[in-house]
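As provided, entry.txt (compact mmCIF, C-alpha atoms) reads as follows.
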```
# COMPACT_ATOMS: atom_id res chain seq x y z
CA MET A 21 -17.09 25.05 5.31
CA ALA A 22 -19.72 26.33 7.71
CA ASP A 23 -22.44 23.98 6.48
CA MET A 24 -21.81 20.30 7.22
CA GLY A 25 -24.98 19.42 5.34
CA GLY A 26 -27.76 19.84 7.88
CA GLU A 27 -29.04 23.06 6.33
CA ARG A 28 -28.89 21.49 2.89
CA VAL A 29 -30.91 18.47 4.06
CA THR A 30 -33.57 20.81 5.41
CA GLU A 31 -33.62 22.82 2.18
CA ALA A 32 -33.82 19.73 -0.05
CA VAL A 33 -36.72 18.29 1.94
CA ALA A 34 -38.63 21.57 2.03
CA ASP A 35 -38.23 22.09 -1.72
CA ALA A 36 -39.25 18.52 -2.54
CA VAL A 37 -42.30 18.53 -0.29
CA ALA A 38 -43.46 21.87 -1.72
CA VAL A 39 -43.43 20.38 -5.23
CA LEU A 40 -45.07 17.07 -4.31
CA ARG A 41 -47.86 18.65 -2.25
CA ALA A 42 -49.39 19.82 -5.53
CA ALA A 43 -50.55 16.22 -6.09
CA VAL A 44 -51.61 15.02 -2.62
CA ASP A 45 -55.19 14.66 -3.82
CA ARG A 46 -54.15 11.68 -5.98
CA ASN A 47 -53.77 8.04 -4.99
CA TRP A 48 -49.99 7.59 -4.97
CA GLU A 49 -50.30 3.87 -4.38
CA THR A 50 -51.63 3.31 -7.90
CA VAL A 51 -49.05 5.46 -9.75
CA ARG A 52 -45.60 4.14 -10.65
CA ALA A 53 -42.70 6.42 -9.72
CA GLY A 54 -40.96 7.18 -13.00
CA ARG A 55 -38.70 4.37 -14.19
CA THR A 56 -38.63 2.57 -10.86
CA GLU A 57 -40.58 -0.57 -9.98
CA TRP A 58 -42.16 1.17 -6.96
CA SER A 59 -45.35 3.14 -6.60
CA CYS A 60 -45.10 6.80 -5.71
CA LEU A 61 -46.23 5.98 -2.16
CA LYS A 62 -43.61 3.25 -1.77
CA THR A 63 -40.96 5.63 -3.09
CA ALA A 64 -41.99 8.28 -0.58
CA GLU A 65 -41.74 5.66 2.16
CA HIS A 66 -38.23 4.84 0.91
CA ILE A 67 -37.14 8.50 1.13
CA ALA A 68 -38.42 8.78 4.69
CA SER A 69 -36.89 5.47 5.69
CA ASP A 70 -33.46 6.44 4.40
CA LEU A 71 -33.51 9.82 6.12
CA ILE A 72 -34.37 8.22 9.45
CA ALA A 73 -31.92 5.35 8.91
CA TYR A 74 -29.05 7.76 8.23
CA ALA A 75 -29.94 9.69 11.39
CA GLY A 76 -29.91 6.37 13.26
CA GLN A 77 -26.49 5.43 11.89
CA LEU A 78 -24.98 8.74 12.96
CA ALA A 79 -26.65 8.62 16.36
CA GLY A 80 -25.85 4.96 17.07
CA ARG A 81 -22.38 5.06 15.41
CA PRO A 82 -22.09 1.34 14.56
CA GLN A 83 -18.84 0.39 12.86
CA ASP A 84 -19.67 -2.92 11.18
CA ARG A 85 -23.40 -3.03 10.40
CA TYR A 86 -26.56 -1.03 9.97
CA VAL A 87 -28.56 -0.29 13.09
CA PRO A 88 -31.19 -3.08 12.74
CA PHE A 89 -34.44 -1.20 12.26
CA GLU A 90 -36.69 -0.04 9.43
CA ILE A 91 -39.76 2.16 9.24
CA HIS A 92 -42.94 1.48 7.28
CA LEU A 93 -45.94 3.67 6.64
CA GLU A 94 -49.16 2.53 8.25
CA ASP A 95 -51.57 0.80 5.89
CA ASP A 96 -53.95 3.73 5.53
CA THR A 97 -51.28 6.41 5.02
CA ASP A 98 -52.10 8.79 2.18
CA ALA A 99 -49.83 11.09 0.20
CA GLU A 100 -50.04 13.91 2.74
CA GLY A 101 -49.14 11.52 5.54
CA ALA A 102 -46.14 10.26 3.58
CA LEU A 103 -44.90 13.82 3.09
CA GLN A 104 -45.21 14.44 6.82
CA VAL A 105 -42.99 11.43 7.50
CA ILE A 106 -40.44 12.72 4.97
CA GLU A 107 -40.43 16.09 6.75
CA THR A 108 -39.95 14.33 10.07
CA GLY A 109 -37.08 12.24 8.69
CA GLY A 110 -35.40 15.32 7.29
CA THR A 111 -35.69 17.13 10.62
CA LEU A 112 -34.19 14.16 12.48
CA LEU A 113 -31.28 13.80 10.06
CA ALA A 114 -30.51 17.52 10.02
CA ALA A 115 -30.54 17.68 13.81
CA THR A 116 -28.31 14.62 14.11
CA ILE A 117 -25.80 16.05 11.62
CA ARG A 118 -25.58 19.26 13.64
CA ALA A 119 -25.08 17.32 16.88
CA THR A 120 -22.47 14.89 15.53
CA PRO A 121 -18.79 15.72 16.10
CA ARG A 122 -16.54 16.19 13.09
CA GLU A 123 -14.47 13.03 13.60
CA VAL A 124 -17.36 10.59 14.11
CA ARG A 125 -17.80 7.93 11.43
CA ALA A 126 -20.47 5.25 11.22
CA PHE A 127 -20.99 2.21 9.06
CA HIS A 128 -22.02 2.51 5.43
CA PRO A 129 -20.99 -0.22 2.99
CA TYR A 130 -20.04 1.76 -0.12
CA PRO A 131 -17.23 1.77 -0.87
CA PHE A 132 -14.96 2.04 2.17
CA ARG A 133 -17.28 0.86 4.98
CA SER A 134 -17.92 4.18 6.73
CA ALA A 135 -19.09 7.77 6.35
CA ASN A 136 -18.94 10.95 8.41
CA ARG A 137 -21.66 13.52 9.03
CA THR A 138 -20.95 15.24 5.71
CA GLY A 139 -21.24 11.95 3.85
CA PHE A 140 -24.53 10.98 5.48
CA ALA A 141 -25.90 14.45 4.74
CA ALA A 142 -24.95 14.15 1.07
CA MET A 143 -26.48 10.66 0.86
CA GLY A 144 -29.69 11.93 2.44
CA ILE A 145 -29.88 14.86 0.02
CA ALA A 146 -29.27 12.50 -2.90
CA GLU A 147 -32.14 10.25 -1.81
CA VAL A 148 -34.47 13.24 -1.54
CA LEU A 149 -33.51 14.78 -4.89
CA LEU A 150 -33.46 11.61 -6.96
CA HIS A 151 -36.56 9.94 -5.60
CA THR A 152 -38.52 13.18 -5.64
CA TYR A 153 -37.62 13.28 -9.33
CA ASP A 154 -38.96 9.73 -9.70
CA ILE A 155 -42.23 10.56 -7.93
CA ALA A 156 -42.66 13.84 -9.82
CA GLU A 157 -42.05 12.06 -13.13
CA GLY A 158 -44.74 9.52 -12.27
CA LEU A 159 -47.22 12.19 -11.27
CA GLY A 160 -46.41 14.48 -14.19
CA LEU A 161 -45.06 17.29 -12.01
CA PRO A 162 -42.17 19.56 -13.02
CA TYR A 163 -39.23 19.28 -10.62
CA GLU A 164 -35.77 20.78 -10.66
CA PRO A 165 -34.01 21.51 -7.37
CA PRO A 166 -31.77 24.55 -6.86
CA ALA A 167 -28.44 23.87 -8.62
CA HIS A 168 -26.35 24.07 -5.44
CA LEU A 169 -28.10 20.98 -4.02
CA PRO A 170 -27.04 18.50 -6.75
CA GLU A 171 -23.64 20.20 -6.81
CA HIS A 172 -23.36 19.57 -3.05
CA VAL A 173 -24.02 15.88 -3.69
CA LEU A 174 -21.68 15.54 -6.68
CA THR A 175 -18.68 17.17 -5.02
CA ARG A 176 -18.97 14.99 -1.90
CA ILE A 177 -20.06 11.50 -2.89
CA PHE A 178 -19.57 11.37 -6.68
CA PRO A 179 -15.88 12.38 -6.83
CA GLU A 180 -15.20 10.28 -9.93
CA VAL A 181 -17.91 12.02 -12.00
CA GLN A 182 -16.58 14.79 -14.20
CA PRO A 183 -18.57 18.00 -13.70
CA GLY A 184 -20.98 18.77 -16.49
CA PRO A 185 -22.48 22.03 -17.72
CA ASP A 186 -25.41 21.63 -15.32
CA PRO A 187 -25.19 19.94 -11.88
CA TRP A 188 -28.77 18.61 -11.93
CA ARG A 189 -28.48 16.99 -15.36
CA THR A 190 -25.07 15.64 -14.37
CA LEU A 191 -26.50 14.02 -11.23
CA LEU A 192 -29.38 12.54 -13.20
CA TRP A 193 -26.89 11.12 -15.72
CA ALA A 194 -24.63 9.83 -12.94
CA THR A 195 -27.54 7.86 -11.47
CA GLY A 196 -28.92 6.46 -14.72
CA ARG A 197 -31.80 8.90 -15.02
CA GLY A 198 -30.76 11.02 -17.96
CA ASP A 199 -28.35 11.62 -20.81
CA LEU A 200 -25.41 13.96 -21.27
CA PRO A 201 -23.80 14.85 -24.61
CA ASP A 202 -20.69 12.78 -25.37
CA ARG A 203 -21.19 10.50 -22.38
CA ALA A 204 -22.38 6.93 -22.52
CA PRO A 205 -25.52 6.16 -20.49
CA ARG A 206 -24.93 4.81 -17.01
CA THR A 207 -26.65 1.55 -16.13
CA GLN A 208 -24.83 0.91 -12.83
CA TRP A 209 -23.60 3.36 -10.24
CA ARG A 210 -22.60 3.80 -6.62
CA TRP A 211 -21.76 6.89 -4.68
CA SER A 212 -18.42 7.04 -2.91
CA ASN A 213 -17.71 8.27 0.61
CA ASN A 214 -14.15 9.26 1.38
CA LEU A 215 -11.52 6.71 2.34
CA VAL A 216 -10.04 6.90 5.86
CA LEU A 217 -6.85 5.06 6.83
CA PRO A 218 -6.12 4.74 10.57
CA THR A 219 -2.70 4.74 12.25
CA GLU A 220 -1.77 4.71 15.93
CA ARG A 221 -1.87 8.48 16.32
CA LEU A 222 -3.53 9.69 13.11
CA THR A 223 -6.29 9.18 10.62
CA LEU A 224 -5.57 9.81 6.94
CA GLN A 225 -8.84 11.27 5.69
CA GLY A 226 -9.56 11.42 1.97
CA VAL A 227 -10.22 14.96 0.76
CA THR A 228 -13.38 15.32 -1.36
CA PRO A 229 -13.57 17.70 -4.32
CA ALA A 230 -15.69 20.03 -2.17
CA SER A 231 -13.04 20.13 0.55
CA ALA A 232 -10.23 20.42 -1.99
CA ALA A 233 -11.89 23.46 -3.56
CA GLU A 234 -12.10 25.09 -0.12
CA LEU A 235 -8.45 24.35 0.64
CA ALA A 236 -7.23 25.56 -2.73
CA ALA A 237 -9.15 28.82 -2.21
CA GLY A 238 -7.55 29.42 1.20
CA GLY A 239 -10.24 27.87 3.43
CA ASP A 240 -10.09 25.03 5.96
CA GLY A 241 -11.67 22.35 3.76
CA ASP A 242 -13.91 21.14 6.62
CA PHE A 243 -10.92 20.35 8.85
CA GLU A 244 -9.84 21.97 12.10
CA TRP A 245 -6.19 22.80 11.49
CA VAL A 246 -3.33 23.46 13.86
CA GLU A 247 -2.62 27.16 14.06
CA ASP A 248 0.11 27.18 11.39
CA GLY A 249 -1.66 24.84 8.98
CA PRO A 250 -2.31 23.96 6.29
CA PHE A 251 1.14 24.33 4.76
CA GLU A 252 1.33 25.61 1.19
CA GLY A 253 2.05 22.15 -0.28
CA THR A 254 -1.33 20.90 0.94
CA ARG A 255 -3.12 23.77 -0.77
CA GLU A 256 -1.19 23.09 -3.98
CA ALA A 257 -2.14 19.40 -3.80
CA ALA A 258 -5.78 20.42 -3.30
CA GLY A 259 -5.53 22.46 -6.49
CA MET A 260 -4.19 19.39 -8.30
CA THR A 261 -7.16 17.41 -6.99
CA ILE A 262 -9.60 19.95 -8.42
CA LYS A 263 -7.86 19.91 -11.81
CA ALA A 264 -8.11 16.11 -11.93
CA TYR A 265 -11.77 16.23 -10.86
CA GLU A 266 -12.66 18.80 -13.51
CA ALA A 267 -10.84 16.74 -16.15
CA GLY A 268 -12.74 13.59 -15.15
CA VAL A 269 -9.59 11.63 -14.20
CA HIS A 270 -9.80 11.93 -10.42
CA ARG A 271 -9.68 8.63 -8.51
CA PRO A 272 -10.43 9.56 -4.90
CA GLU A 273 -8.46 6.71 -3.33
CA PHE A 274 -5.38 8.04 -5.16
CA GLY A 275 -5.91 11.67 -4.24
CA LEU A 276 -5.11 13.89 -1.28
CA PHE A 277 -5.46 12.88 2.38
CA ALA A 278 -5.55 15.20 5.38
CA LEU A 279 -3.49 13.95 8.34
CA VAL A 280 -5.64 14.34 11.43
CA ARG A 281 -4.39 13.75 14.98
CA ARG A 282 -6.50 11.40 17.04
CA GLU A 283 -5.77 13.18 20.32
CA ASP A 284 -7.40 16.46 19.37
CA GLY A 285 -8.99 16.01 15.91
CA ARG A 286 -6.77 18.68 14.38
CA ALA A 287 -5.31 18.41 10.90
CA ILE A 288 -1.53 18.72 10.81
CA GLY A 289 -0.68 18.18 7.14
CA GLY A 290 -1.46 16.63 3.80
CA MET A 291 -0.29 13.47 2.06
CA GLY A 292 -1.31 11.60 -1.02
CA PHE A 293 -0.66 10.58 -4.58
CA HIS A 294 0.14 12.64 -7.64
CA GLY A 295 -2.34 10.50 -9.54
CA ALA A 296 -3.49 6.94 -10.08
CA PRO A 297 -0.84 4.24 -10.71
CA ASP A 298 0.42 3.94 -14.27
CA GLU A 299 0.08 0.83 -16.42
CA ASP A 300 3.13 -0.66 -14.69
CA GLY A 301 1.66 -0.15 -11.23
CA ARG A 302 3.86 2.79 -10.25
CA ALA A 303 2.53 5.78 -8.30
CA GLU A 304 4.17 8.86 -6.81
CA VAL A 305 3.50 10.19 -3.31
CA GLY A 306 3.97 13.62 -1.78
CA TYR A 307 3.47 15.11 1.67
CA ASP A 308 3.94 18.10 3.92
CA LEU A 309 3.32 19.00 7.55
CA ALA A 310 2.64 22.21 9.38
CA GLU A 311 5.89 23.29 11.03
CA SER A 312 4.50 22.79 14.54
CA ALA A 313 3.87 19.10 13.80
CA ARG A 314 7.30 18.27 12.41
CA GLY A 315 9.94 16.20 14.15
CA GLN A 316 7.43 13.95 15.93
CA GLY A 317 7.28 11.00 13.54
CA TYR A 318 3.86 11.82 12.11
CA ALA A 319 4.95 11.85 8.46
CA THR A 320 6.77 8.53 8.79
CA GLU A 321 3.75 6.95 10.47
CA ALA A 322 1.41 8.19 7.75
CA LEU A 323 3.76 7.20 4.91
CA ARG A 324 3.97 3.65 6.23
CA ALA A 325 0.19 3.38 6.46
CA LEU A 326 -0.30 4.80 2.97
CA GLY A 327 2.36 2.50 1.55
CA ASP A 328 0.91 -0.59 3.24
CA TRP A 329 -2.55 0.23 1.91
CA ALA A 330 -1.35 0.95 -1.63
CA LEU A 331 0.98 -2.04 -1.99
CA ALA A 332 -1.75 -4.41 -0.79
CA ARG A 333 -3.73 -3.53 -3.93
CA ASP A 334 -3.48 -5.43 -7.18
CA ASP A 335 -2.96 -2.27 -9.24
CA VAL A 336 0.08 -0.95 -7.31
CA ARG A 337 3.54 -2.50 -7.56
CA SER A 338 5.78 0.28 -6.25
CA LEU A 339 5.72 3.84 -4.96
CA CYS A 340 8.15 6.68 -5.42
CA ALA A 341 8.83 10.17 -4.09
CA THR A 342 11.08 13.01 -5.20
CA ILE A 343 12.96 15.11 -2.64
CA GLU A 344 15.31 18.08 -2.88
CA PRO A 345 18.91 17.03 -2.15
CA ASP A 346 19.33 19.58 0.66
CA ASN A 347 16.10 18.53 2.44
CA ALA A 348 17.75 16.22 4.96
CA ALA A 349 14.70 16.05 7.22
CA SER A 350 12.46 14.75 4.43
CA GLN A 351 15.14 12.29 3.37
CA ARG A 352 15.21 10.88 6.90
CA VAL A 353 11.41 10.61 6.90
CA ILE A 354 11.29 8.76 3.59
CA ALA A 355 14.09 6.40 4.68
CA ARG A 356 12.32 5.53 7.94
CA ALA A 357 9.21 4.72 5.90
CA GLY A 358 11.19 2.13 3.92
CA TYR A 359 11.99 4.08 0.75
CA LEU A 360 15.42 3.67 -0.85
CA ARG A 361 17.40 5.95 -3.12
CA ALA A 362 16.55 4.90 -6.67
CA THR A 363 19.00 2.86 -8.67
CA VAL A 364 19.95 3.81 -12.21
CA GLU A 365 17.58 1.12 -13.50
CA GLU A 366 14.72 2.45 -11.35
CA GLU A 367 15.34 5.99 -12.50
CA GLN A 368 15.12 4.79 -16.08
CA ALA A 369 11.91 2.87 -15.34
CA TYR A 370 10.24 5.79 -13.57
CA GLY A 371 11.72 8.46 -15.74
CA GLU A 372 14.51 10.49 -14.21
CA ALA A 373 13.49 12.92 -11.49
CA GLU A 374 13.21 16.58 -12.34
CA PRO A 375 16.55 18.40 -12.31
CA GLY A 376 17.63 19.10 -8.76
CA LEU A 377 15.44 16.38 -7.20
CA ARG A 378 16.32 12.92 -5.96
CA LEU A 379 14.13 9.89 -6.58
CA TYR A 380 13.29 7.42 -3.81
CA VAL A 381 11.40 4.16 -4.32
CA LEU A 382 9.35 1.90 -2.05
CA PRO A 383 9.37 -1.48 -3.81
CA GLY A 384 6.40 -3.78 -3.66
CA ARG A 385 5.62 -7.07 -5.38
CA ALA A 386 8.12 -8.32 -7.92
CA ASP A 387 5.50 -10.11 -10.05
```
Write out the structure in this file as structure tokens.
Amino acid sequence: MADMGGERVTEAVADAVAVLRAAVDRNWETVRAGRTEWSCLKTAEHIASDLIAYAGQLAGRPQDRYVPFEIHLEDDTDAEGALQVIETGGTLLAATIRATPREVRAFHPYPFRSANRTGFAAMGIAEVLLHTYDIAEGLGLPYEPPAHLPEHVLTRIFPEVQPGPDPWRTLLWATGRGDLPDRAPRTQWRWSNNLVLPTERLTLQGVTPASAAELAAGGDGDFEWVEDGPFEGTREAAGMTIKAYEAGVHRPEFGLFALVRREDGRAIGGMGFHGAPDEDGRAEVGYDLAESARGQGYATEALRALGDWALARDDVRSLCATIEPDNAASQRVIARAGYLRATVEEEQAYGEAEPGLRLYVLPGRAD
């Protein structure tokens, strides 16, 4: 992925401003922005404020709060002045995204308390697209951004939203601004940045649908890989992620994670779940490492972290994994992570492993 979002921020702002400049001769303070409770001028101020705030988060890199500042338009600011501030905010955010290293994360509350440069870019683009739509609706202006912009947003921060026939209408539906055939209207929504789980030597970084599509197609998925990575199992898991996303059953916290070394920021493998836990709280895990990263305890370290995170949830009661009987190395890894060879009763509960595979179980709560 060559574009981490900076170019898309610039494009979204330029397209929005070009549309809205057709109505700068009107008093935006007296016109309500679509279905919102704000005036068009207040909504424009909100767009600019968010763009600058996201740039501030990435630049300041706080881990537990927002950088404590806000911007407000001066009292006599007109529509043209508001658009100039939006352009300035877009320039600042795009420049900050380009200057921010890949592994940097900063605080954002929803839903996992942080976001990286790609996440902040997608959030900024979403603010521009959606609130430009609100302003344009209030002013009676036609507005439809290029399809790749809402698609960029959907595949990065709306991973639970099944793709629709049109990315723009899908994004409007996902944010309560429109209807889609055969889908109930949305009255509440949040976007979702990827989950990251830290260990001593690694971070397990949730793979978004956008990154999964890149990996499945043979790309790097926005990760810097060791020379012999990713291994084929990671690409296969990425393909499974895309199938779940397209079917509308993808739950990002139970998807694929890239294993990234802290010491150099390079991805060494993939690990994750074969799907969300079943009604009995059981979920299956899988993993692989690039050959150059094997034999150093990375898989065990990551499996323990993933297991601790999963079993601390109310919807997970146990985890399992299936391993080929002649894969002694993987059996040692799974044993060091606390998994035990399944009993006859456990095999019956989980469903017997596929022929030629052995089932291992990490038990959790008994209740």
Stretch 40-43 of chain A environment, 8 Å, all atoms listed in the file, sequence neighbours closer than 2 positions dropped, as a ChimeraX atom specification
/A:36-38,45-46,100,103,152,155-156,159,161
Near-A:Ala233 list (9 Å; all atoms listed in the file; drop same-chain fewer than 4 positions) as a VMD selection string
chain A and resid 228 to 229 237 to 239 241 258 to 259 261 to 262
Got a sec: who's within 9 Å of stretch 266-268 of chain A, counting all atoms listed in the file, leaving out chain neighbours fewer than 4 positions off, as a list in words?
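Contacts, with the query itself left out: Pro179, Glu180, Val181, Gln182, Pro183, Gly184, Thr261 and Ile262 of chain A.
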Which is closest to A:Leu191 among A:Asn47, A:Thr219, A:Asn347, A:Thr175, if we use all atoms listed in the file?
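Looking at the shortest contact to A:Leu191, the residue is A:Thr175.
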For A:Asp242, which residue among A:Ala278, A:Ala319, A:Ala325, A:Leu215 is the nearest when counting only C-alpha atoms?
A:Ala278
For stretch 244-262 of chain A, supply N, CA, C and O atoms and format the output as a compact mmCIF listing (two decimals), in the frame of the given file.
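Result written to rebuild.txt:
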```
# COMPACT_ATOMS: atom_id res chain seq x y z
N GLU A 244 -10.33 21.03 11.09
CA GLU A 244 -9.84 21.97 12.10
C GLU A 244 -8.32 21.85 12.14
O GLU A 244 -7.77 20.85 12.60
N TRP A 245 -7.64 22.86 11.67
CA TRP A 245 -6.19 22.80 11.49
C TRP A 245 -5.44 23.32 12.72
O TRP A 245 -5.97 24.15 13.47
N VAL A 246 -4.22 22.83 12.90
CA VAL A 246 -3.33 23.46 13.86
C VAL A 246 -3.10 24.90 13.41
O VAL A 246 -3.34 25.25 12.25
N GLU A 247 -2.63 25.73 14.32
CA GLU A 247 -2.62 27.16 14.06
C GLU A 247 -1.81 27.54 12.83
O GLU A 247 -2.14 28.51 12.14
N ASP A 248 -0.72 26.81 12.53
CA ASP A 248 0.11 27.18 11.39
C ASP A 248 -0.15 26.30 10.16
O ASP A 248 0.67 26.22 9.25
N GLY A 249 -1.31 25.66 10.12
CA GLY A 249 -1.66 24.84 8.98
C GLY A 249 -2.87 25.41 8.25
O GLY A 249 -3.57 26.28 8.76
N PRO A 250 -3.14 24.90 7.05
CA PRO A 250 -2.31 23.96 6.29
C PRO A 250 -1.11 24.62 5.64
O PRO A 250 -1.14 25.82 5.35
N PHE A 251 -0.06 23.82 5.41
CA PHE A 251 1.14 24.33 4.76
C PHE A 251 0.83 24.47 3.26
O PHE A 251 -0.11 23.88 2.74
N GLU A 252 1.64 25.26 2.58
CA GLU A 252 1.33 25.61 1.19
C GLU A 252 1.28 24.39 0.27
O GLU A 252 0.52 24.37 -0.70
N GLY A 253 2.07 23.35 0.57
CA GLY A 253 2.05 22.15 -0.28
C GLY A 253 0.69 21.47 -0.28
O GLY A 253 0.27 20.91 -1.30
N THR A 254 0.00 21.49 0.86
CA THR A 254 -1.33 20.90 0.94
C THR A 254 -2.32 21.66 0.07
O THR A 254 -3.15 21.07 -0.62
N ARG A 255 -2.22 22.97 0.08
CA ARG A 255 -3.12 23.77 -0.77
C ARG A 255 -2.82 23.53 -2.25
O ARG A 255 -3.73 23.47 -3.07
N GLU A 256 -1.54 23.39 -2.59
CA GLU A 256 -1.19 23.09 -3.98
C GLU A 256 -1.73 21.72 -4.39
O GLU A 256 -2.24 21.55 -5.51
N ALA A 257 -1.61 20.73 -3.50
CA ALA A 257 -2.14 19.40 -3.80
C ALA A 257 -3.66 19.44 -3.95
O ALA A 257 -4.23 18.72 -4.79
N ALA A 258 -4.33 20.27 -3.16
CA ALA A 258 -5.78 20.42 -3.30
C ALA A 258 -6.13 20.98 -4.67
O ALA A 258 -7.10 20.56 -5.31
N GLY A 259 -5.31 21.93 -5.14
CA GLY A 259 -5.53 22.46 -6.49
C GLY A 259 -5.36 21.40 -7.55
O GLY A 259 -6.11 21.36 -8.54
N MET A 260 -4.38 20.50 -7.36
CA MET A 260 -4.19 19.39 -8.30
C MET A 260 -5.40 18.46 -8.29
O MET A 260 -5.81 17.95 -9.34
N THR A 261 -5.97 18.25 -7.10
CA THR A 261 -7.16 17.41 -6.99
C THR A 261 -8.32 18.00 -7.79
O THR A 261 -9.03 17.28 -8.51
N ILE A 262 -8.51 19.30 -7.69
CA ILE A 262 -9.60 19.95 -8.42
C ILE A 262 -9.38 19.86 -9.92
O ILE A 262 -10.32 19.61 -10.70
```
